>>> print(open('entry-v1.txt').read())   # compact mmCIF, C-alpha atoms and all ligand atoms
# COMPACT_ATOMS: atom_id res chain seq x y z
CA MET A 1 124.84 119.47 67.17
CA LYS A 2 121.29 120.66 67.77
CA SER A 3 119.73 117.30 68.58
CA VAL A 4 120.89 113.98 70.00
CA CYS A 5 119.17 110.63 69.58
CA VAL A 6 119.45 108.33 72.61
CA PHE A 7 119.10 104.54 72.37
CA THR A 8 118.60 102.81 75.70
CA GLY A 9 116.85 100.03 77.57
CA SER A 10 113.11 99.71 77.90
CA ASN A 11 114.14 98.08 81.20
CA ARG A 12 116.09 99.79 83.97
CA GLY A 13 118.73 97.09 84.46
CA ASN A 14 119.85 95.78 87.83
CA ARG A 15 122.15 98.55 89.00
CA PRO A 16 120.90 101.87 90.38
CA GLY A 17 123.86 103.48 88.58
CA PHE A 18 122.20 102.89 85.22
CA ALA A 19 119.22 105.12 86.01
CA ALA A 20 121.53 107.70 87.57
CA ILE A 21 123.63 107.98 84.41
CA ALA A 22 120.51 108.05 82.18
CA ALA A 23 119.19 110.98 84.25
CA ALA A 24 122.57 112.73 84.10
CA LEU A 25 122.65 112.37 80.30
CA GLY A 26 119.09 113.70 79.91
CA SER A 27 119.89 116.74 82.08
CA GLU A 28 123.17 117.42 80.27
CA ILE A 29 121.51 117.22 76.84
CA ALA A 30 118.92 119.78 77.96
CA ALA A 31 121.53 121.98 79.68
CA ARG A 32 123.40 122.23 76.37
CA GLY A 33 120.23 123.36 74.61
CA LEU A 34 120.07 120.13 72.60
CA GLU A 35 116.82 118.43 71.66
CA LEU A 36 116.47 114.82 72.83
CA VAL A 37 115.16 112.37 70.23
CA TYR A 38 114.34 108.85 71.44
CA GLY A 39 111.89 105.96 71.29
CA GLY A 40 109.01 107.86 72.93
CA SER A 41 108.30 105.45 75.76
CA ARG A 42 107.99 106.20 79.47
CA VAL A 43 109.34 102.82 80.59
CA GLY A 44 112.85 101.76 81.64
CA LEU A 45 115.90 103.94 81.10
CA MET A 46 114.09 105.46 78.11
CA GLY A 47 111.63 107.09 80.50
CA VAL A 48 114.40 108.15 82.87
CA VAL A 49 116.38 110.01 80.21
CA ALA A 50 113.24 111.74 78.88
CA ASP A 51 112.04 112.75 82.36
CA ALA A 52 115.43 114.24 83.20
CA ALA A 53 115.60 116.23 79.95
CA LEU A 54 112.07 117.57 80.50
CA ALA A 55 112.83 118.45 84.15
CA ALA A 56 115.84 120.47 82.95
CA GLY A 57 113.62 122.41 80.50
CA GLY A 58 114.64 120.50 77.37
CA GLU A 59 112.68 119.61 74.24
CA VAL A 60 111.96 115.91 73.83
CA THR A 61 110.78 114.22 70.64
CA GLY A 62 109.57 110.60 70.61
CA VAL A 63 109.29 108.44 67.49
CA LEU A 64 107.19 105.26 67.77
CA PRO A 65 105.96 102.73 65.26
CA GLN A 66 102.20 102.12 65.42
CA ALA A 67 102.84 98.54 66.58
CA LEU A 68 104.54 99.77 69.78
CA VAL A 69 101.88 102.32 70.66
CA ARG A 70 100.36 101.06 73.86
CA LYS A 71 98.75 103.87 75.72
CA GLU A 72 100.33 103.07 79.05
CA LEU A 73 103.83 102.95 77.56
CA VAL A 74 103.84 106.16 75.54
CA HIS A 75 105.40 109.04 77.49
CA PRO A 76 102.52 111.46 78.16
CA GLU A 77 104.59 114.60 78.75
CA ILE A 78 107.14 114.82 75.97
CA THR A 79 107.17 117.82 73.65
CA ARG A 80 106.06 115.91 70.54
CA THR A 81 105.43 112.31 69.48
CA HIS A 82 105.65 111.07 65.91
CA ILE A 83 103.74 107.86 65.22
CA VAL A 84 105.11 106.10 62.13
CA GLU A 85 104.10 102.98 60.20
CA SER A 86 107.11 100.71 60.65
CA MET A 87 110.38 100.17 62.50
CA HIS A 88 112.20 101.06 59.28
CA GLU A 89 110.40 104.39 59.02
CA ARG A 90 111.15 105.01 62.67
CA LYS A 91 114.88 104.51 62.26
CA ALA A 92 114.93 106.72 59.18
CA MET A 93 113.20 109.40 61.24
CA PHE A 94 115.60 108.99 64.18
CA SER A 95 118.36 109.57 61.67
CA ASP A 96 116.74 112.56 59.93
CA LEU A 97 115.91 114.34 63.20
CA SER A 98 119.27 113.81 64.94
CA ASP A 99 122.75 115.31 64.64
CA GLY A 100 124.36 112.60 66.79
CA PHE A 101 123.56 109.30 68.53
CA VAL A 102 124.27 107.98 72.04
CA ALA A 103 123.77 104.47 73.36
CA LEU A 104 123.24 104.12 77.10
CA PRO A 105 123.03 100.66 78.67
CA GLY A 106 120.28 98.59 77.10
CA GLY A 107 119.39 95.26 75.53
CA LEU A 108 118.86 93.88 72.04
CA GLY A 109 116.90 96.88 70.77
CA THR A 110 119.60 99.28 71.94
CA LEU A 111 122.37 97.18 70.37
CA GLU A 112 120.52 96.91 67.07
CA GLU A 113 119.94 100.68 66.92
CA LEU A 114 123.57 101.42 67.85
CA PHE A 115 125.04 99.07 65.26
CA GLU A 116 122.79 100.33 62.53
CA VAL A 117 123.97 103.94 62.90
CA LEU A 118 127.58 102.74 63.19
CA THR A 119 127.21 100.68 60.01
CA TRP A 120 125.78 103.67 58.17
CA ALA A 121 128.69 105.81 59.41
CA GLN A 122 131.19 103.17 58.24
CA LEU A 123 129.67 103.23 54.77
CA GLY A 124 129.70 107.04 54.68
CA PHE A 125 125.89 107.34 54.59
CA HIS A 126 126.15 109.89 57.38
CA SER A 127 128.99 111.66 59.17
CA LYS A 128 127.33 112.22 62.54
CA PRO A 129 129.03 111.28 65.84
CA VAL A 130 128.09 108.01 67.56
CA GLY A 131 128.75 107.74 71.30
CA LEU A 132 128.71 104.91 73.81
CA LEU A 133 128.03 105.82 77.42
CA ASN A 134 129.98 103.02 79.05
CA THR A 135 128.89 103.36 82.64
CA ASP A 136 129.62 100.75 85.33
CA ARG A 137 131.81 99.02 82.67
CA TYR A 138 128.58 97.75 81.08
CA TYR A 139 130.01 97.83 77.56
CA ASP A 140 133.58 96.67 78.33
CA ASP A 141 133.03 93.24 76.77
CA LEU A 142 131.51 94.78 73.66
CA LEU A 143 134.53 97.07 73.24
CA THR A 144 136.85 94.06 73.72
CA PHE A 145 134.93 92.19 71.05
CA LEU A 146 135.24 95.11 68.62
CA GLY A 147 139.01 94.94 69.23
CA LYS A 148 138.88 91.27 68.28
CA ALA A 149 136.97 92.11 65.09
CA VAL A 150 139.78 94.56 64.22
CA ASP A 151 142.49 91.99 65.08
CA GLU A 152 140.77 89.35 62.96
CA GLY A 153 140.58 91.64 59.93
CA PHE A 154 136.83 92.31 59.80
CA VAL A 155 136.75 95.92 60.96
CA ARG A 156 139.17 98.71 60.22
CA GLU A 157 140.76 100.45 63.20
CA ALA A 158 139.46 103.76 61.82
CA HIS A 159 135.92 102.37 61.79
CA ARG A 160 136.17 101.04 65.33
CA GLY A 161 137.25 104.58 66.19
CA LEU A 162 133.89 105.86 64.93
CA LEU A 163 132.41 104.70 68.23
CA LEU A 164 133.30 107.34 70.82
CA SER A 165 133.26 105.83 74.29
CA HIS A 166 133.24 107.56 77.68
CA SER A 167 131.90 106.77 81.13
CA ALA A 168 130.44 110.24 81.80
CA PRO A 169 127.90 112.32 79.83
CA VAL A 170 129.93 115.57 79.84
CA ALA A 171 133.06 113.92 78.40
CA LEU A 172 131.02 111.99 75.84
CA LEU A 173 129.04 114.99 74.59
CA ASP A 174 132.27 117.05 74.42
CA ALA A 175 133.92 114.33 72.33
CA MET A 176 130.87 114.19 70.06
CA ALA A 177 130.88 117.98 69.62
CA GLY A 178 134.53 117.80 68.48
CA PHE A 179 134.05 114.75 66.24
CA GLU A 180 135.77 114.84 62.83
CA PRO A 181 134.25 112.38 60.32
CA VAL A 182 136.58 109.65 59.03
CA VAL A 183 136.58 108.88 55.32
CA VAL A 184 138.11 105.43 54.87
CA SER A 185 137.05 102.67 52.50
CA LYS A 186 135.17 99.89 54.24
CA TRP A 187 137.19 97.19 52.47
CA ILE A 188 140.44 96.06 54.04
CA ASP A 189 141.57 93.99 51.05
CA LYS A 190 141.84 96.37 48.10
CA ALA A 191 140.99 93.52 45.71
CA ASP A 192 137.48 93.41 47.17
CA GLU A 193 136.85 97.07 46.49
CA LEU A 194 134.84 97.07 43.28
P1 LIG B 1 115.90 97.24 74.52
O1 LIG B 1 117.32 97.70 74.63
O2 LIG B 1 115.77 95.87 73.92
O3 LIG B 1 115.11 97.42 75.78
O4 LIG B 1 115.22 98.19 73.43
C1 LIG B 1 115.27 99.57 73.61
C2 LIG B 1 115.32 100.31 72.31
O5 LIG B 1 114.36 99.74 71.41
C3 LIG B 1 114.95 101.77 72.50
O6 LIG B 1 116.02 102.63 72.15
C4 LIG B 1 113.72 101.97 71.62
O7 LIG B 1 114.01 102.73 70.47
C5 LIG B 1 113.25 100.59 71.24
N1 LIG B 1 112.13 100.13 72.12
C6 LIG B 1 112.08 98.97 72.82
N2 LIG B 1 110.92 98.86 73.51
C7 LIG B 1 110.20 99.97 73.26
C8 LIG B 1 108.91 100.45 73.66
N3 LIG B 1 108.11 99.77 74.48
N4 LIG B 1 108.49 101.63 73.19
C9 LIG B 1 109.28 102.34 72.35
N5 LIG B 1 110.48 101.94 71.93
C10 LIG B 1 110.96 100.77 72.37
>>> encode(input="entry-v1.txt", output="structure tokens")
Amino acid sequence: MKSVCVFTGSNRGNRPGFAAIAAALGSEIAARGLELVYGGSRVGLMGVVADAALAAGGEVTGVLPQALVRKELVHPEITRTHIVESMHERKAMFSDLSDGFVALPGGLGTLEELFEVLTWAQLGFHSKPVGLLNTDRYYDDLLTFLGKAVDEGFVREAHRGLLLSHSAPVALLDAMAGFEPVVVSKWIDKADEL
């Protein structure tokens, strides 16, 4: 991997541990010589991860749709900022610029971004690693739900396994570096595979 895209909250969340882990991830990305790609804002955990990567001497690329460009929210110090026309263009650019994806704690935007890259991986549209930084057990319920989706026959075990989950940045980035893509049909019932 040469670059990692981070999805995370535009809020900081209620626990100080969230900002601490976002900072640790930003520093670790930079320490490994990886470029950070993210939403380009200076607010919330997004700003924390970018600040930490910059402080550790890393390169940081922001990608923002025109509609989200509010001067006070755009991070003023990142290495480069791409302003694009739409959210769709933005996500395509996140994908083009990044060799892997990490979700830190976040809200609806973070979940939507995470599940889109997981869906694309499941369909074989990319074979890049997708990681979940499950700090303070924030994502435990989500992981339990994914287990339910497997048990109920909607998700293959191999596809659930596409989401690499760890509670610490070093372990997560190591797992992502060693990731072997899985090639399994999305359909569980062979009769549906046309
Ligand atoms: P949320 O988890 O709902 O706070 O949304 C965070 C995710 O959505 C980030 O990974 C960003 O890509 C995007 N996002 C949300 N708000 C902003 C913002 N003000 N500026 C840039 N990106 C944002």
>>> residues_near_ligand(input="entry-v1.txt", ligand="ligand LIG 1 (chain B)", cutoff="8 Å", atoms="all atoms listed in the file", output="PDB file with C-alpha atoms, in the coordinates of the input")
ATOM      1  CA  VAL A   6     119.450 108.330  72.610  1.00  0.00           C
ATOM      2  CA  PHE A   7     119.100 104.540  72.370  1.00  0.00           C
ATOM      3  CA  THR A   8     118.600 102.810  75.700  1.00  0.00           C
ATOM      4  CA  GLY A   9     116.850 100.030  77.570  1.00  0.00           C
ATOM      5  CA  SER A  10     113.110  99.710  77.900  1.00  0.00           C
ATOM      6  CA  ASN A  11     114.140  98.080  81.200  1.00  0.00           C
ATOM      7  CA  TYR A  38     114.340 108.850  71.440  1.00  0.00           C
ATOM      8  CA  GLY A  39     111.890 105.960  71.290  1.00  0.00           C
ATOM      9  CA  GLY A  40     109.010 107.860  72.930  1.00  0.00           C
ATOM     10  CA  SER A  41     108.300 105.450  75.760  1.00  0.00           C
ATOM     11  CA  ARG A  42     107.990 106.200  79.470  1.00  0.00           C
ATOM     12  CA  VAL A  43     109.340 102.820  80.590  1.00  0.00           C
ATOM     13  CA  GLY A  44     112.850 101.760  81.640  1.00  0.00           C
ATOM     14  CA  MET A  46     114.090 105.460  78.110  1.00  0.00           C
ATOM     15  CA  VAL A  63     109.290 108.440  67.490  1.00  0.00           C
ATOM     16  CA  LEU A  64     107.190 105.260  67.770  1.00  0.00           C
ATOM     17  CA  PRO A  65     105.960 102.730  65.260  1.00  0.00           C
ATOM     18  CA  LEU A  68     104.540  99.770  69.780  1.00  0.00           C
ATOM     19  CA  VAL A  69     101.880 102.320  70.660  1.00  0.00           C
ATOM     20  CA  ARG A  70     100.360 101.060  73.860  1.00  0.00           C
ATOM     21  CA  LEU A  73     103.830 102.950  77.560  1.00  0.00           C
ATOM     22  CA  VAL A  74     103.840 106.160  75.540  1.00  0.00           C
ATOM     23  CA  PRO A 105     123.030 100.660  78.670  1.00  0.00           C
ATOM     24  CA  GLY A 106     120.280  98.590  77.100  1.00  0.00           C
ATOM     25  CA  GLY A 107     119.390  95.260  75.530  1.00  0.00           C
ATOM     26  CA  LEU A 108     118.860  93.880  72.040  1.00  0.00           C
ATOM     27  CA  GLY A 109     116.900  96.880  70.770  1.00  0.00           C
ATOM     28  CA  THR A 110     119.600  99.280  71.940  1.00  0.00           C
ATOM     29  CA  LEU A 111     122.370  97.180  70.370  1.00  0.00           C
ATOM     30  CA  GLU A 113     119.940 100.680  66.920  1.00  0.00           C
TER      31      GLU A 113
END
>>> atom_distance(input="entry-v1.txt", atom1="CA of Leu104 (chain A)", atom2="CA of Leu162 (chain A)")
16.3 Å
>>> atom_distance(input="entry-v1.txt", atom1="CA of Cys5 (chain A)", atom2="CA of Asp99 (chain A)")
7.7 Å
>>> atom_distance(input="entry-v1.txt", atom1="CA of Gly26 (chain A)", atom2="CA of Asp51 (chain A)")
7.5 Å
>>> residues_near_point(input="entry-v1.txt", point="(126.8, 101.5, 64.0)", cutoff="10 Å", atoms="all atoms listed in the file", output="PyMOL selection string")
chain A and resi 101+111-123+130-131+159-160+162-163
>>> build_atoms(input="entry-v1.txt", residues="region 74-100 of chain A", atoms="N, CA, C and O atoms", output="short mmCIF file (atom, residue, chain, number, x, y, z; two decimals), keeping the file's coordinate frame")
data_model
loop_
_atom_site.label_atom_id
_atom_site.label_comp_id
_atom_site.auth_asym_id
_atom_site.auth_seq_id
_atom_site.Cartn_x
_atom_site.Cartn_y
_atom_site.Cartn_z
N VAL A 74 103.43 104.92 76.20
CA VAL A 74 103.84 106.16 75.54
C VAL A 74 104.02 107.25 76.60
O VAL A 74 103.18 107.40 77.49
N HIS A 75 105.14 107.98 76.50
CA HIS A 75 105.40 109.04 77.49
C HIS A 75 104.37 110.17 77.30
O HIS A 75 104.29 110.75 76.22
N PRO A 76 103.60 110.49 78.34
CA PRO A 76 102.52 111.46 78.16
C PRO A 76 102.97 112.92 78.15
O PRO A 76 102.21 113.80 77.74
N GLU A 77 104.21 113.20 78.55
CA GLU A 77 104.59 114.60 78.75
C GLU A 77 105.62 115.14 77.78
O GLU A 77 106.04 116.30 77.90
N ILE A 78 106.08 114.32 76.84
CA ILE A 78 107.14 114.82 75.97
C ILE A 78 106.61 115.88 75.01
O ILE A 78 105.40 116.01 74.79
N THR A 79 107.54 116.65 74.45
CA THR A 79 107.17 117.82 73.65
C THR A 79 106.37 117.43 72.41
O THR A 79 105.39 118.08 72.05
N ARG A 80 106.81 116.38 71.71
CA ARG A 80 106.06 115.91 70.54
C ARG A 80 106.32 114.42 70.33
O ARG A 80 107.39 113.91 70.70
N THR A 81 105.30 113.75 69.76
CA THR A 81 105.43 112.31 69.48
C THR A 81 105.06 112.08 68.02
O THR A 81 104.01 112.53 67.57
N HIS A 82 105.95 111.44 67.29
CA HIS A 82 105.65 111.07 65.91
C HIS A 82 105.29 109.59 65.88
O HIS A 82 106.09 108.76 66.33
N ILE A 83 104.12 109.27 65.38
CA ILE A 83 103.74 107.86 65.22
C ILE A 83 103.96 107.50 63.75
O ILE A 83 103.39 108.14 62.85
N VAL A 84 104.79 106.49 63.51
CA VAL A 84 105.11 106.10 62.13
C VAL A 84 104.62 104.68 61.87
O VAL A 84 104.20 103.97 62.79
N GLU A 85 104.68 104.27 60.60
CA GLU A 85 104.10 102.98 60.20
C GLU A 85 104.95 101.78 60.59
O GLU A 85 104.42 100.74 60.95
N SER A 86 106.27 101.91 60.49
CA SER A 86 107.11 100.71 60.65
C SER A 86 108.39 101.05 61.41
O SER A 86 108.76 102.22 61.57
N MET A 87 109.09 100.00 61.84
CA MET A 87 110.38 100.17 62.50
C MET A 87 111.38 100.82 61.54
O MET A 87 112.23 101.60 61.94
N HIS A 88 111.27 100.49 60.25
CA HIS A 88 112.20 101.06 59.28
C HIS A 88 112.00 102.58 59.17
O HIS A 88 112.95 103.35 59.15
N GLU A 89 110.70 102.96 59.11
CA GLU A 89 110.40 104.39 59.02
C GLU A 89 110.89 105.11 60.28
O GLU A 89 111.38 106.23 60.24
N ARG A 90 110.74 104.40 61.40
CA ARG A 90 111.15 105.01 62.67
C ARG A 90 112.65 105.30 62.66
O ARG A 90 113.10 106.37 63.04
N LYS A 91 113.43 104.32 62.21
CA LYS A 91 114.88 104.51 62.26
C LYS A 91 115.32 105.58 61.28
O LYS A 91 116.24 106.35 61.56
N ALA A 92 114.62 105.66 60.14
CA ALA A 92 114.93 106.72 59.18
C ALA A 92 114.63 108.08 59.83
O ALA A 92 115.39 109.04 59.67
N MET A 93 113.55 108.14 60.61
CA MET A 93 113.20 109.40 61.24
C MET A 93 114.17 109.76 62.37
O MET A 93 114.57 110.91 62.52
N PHE A 94 114.57 108.76 63.16
CA PHE A 94 115.60 108.99 64.18
C PHE A 94 116.80 109.67 63.51
O PHE A 94 117.37 110.64 64.01
N SER A 95 117.17 109.10 62.38
CA SER A 95 118.36 109.57 61.67
C SER A 95 118.17 110.99 61.13
O SER A 95 119.04 111.85 61.27
N ASP A 96 117.00 111.24 60.51
CA ASP A 96 116.74 112.56 59.93
C ASP A 96 116.70 113.65 61.00
O ASP A 96 117.13 114.77 60.78
N LEU A 97 116.13 113.31 62.17
CA LEU A 97 115.91 114.34 63.20
C LEU A 97 117.14 114.61 64.06
O LEU A 97 117.15 115.57 64.83
N SER A 98 118.19 113.76 63.95
CA SER A 98 119.27 113.81 64.94
C SER A 98 120.62 114.16 64.32
O SER A 98 120.94 113.72 63.23
N ASP A 99 121.40 114.93 65.09
CA ASP A 99 122.75 115.31 64.64
C ASP A 99 123.82 114.43 65.27
O ASP A 99 125.00 114.60 64.99
N GLY A 100 123.42 113.52 66.16
CA GLY A 100 124.36 112.60 66.79
C GLY A 100 123.57 111.54 67.52
O GLY A 100 122.35 111.70 67.73
#
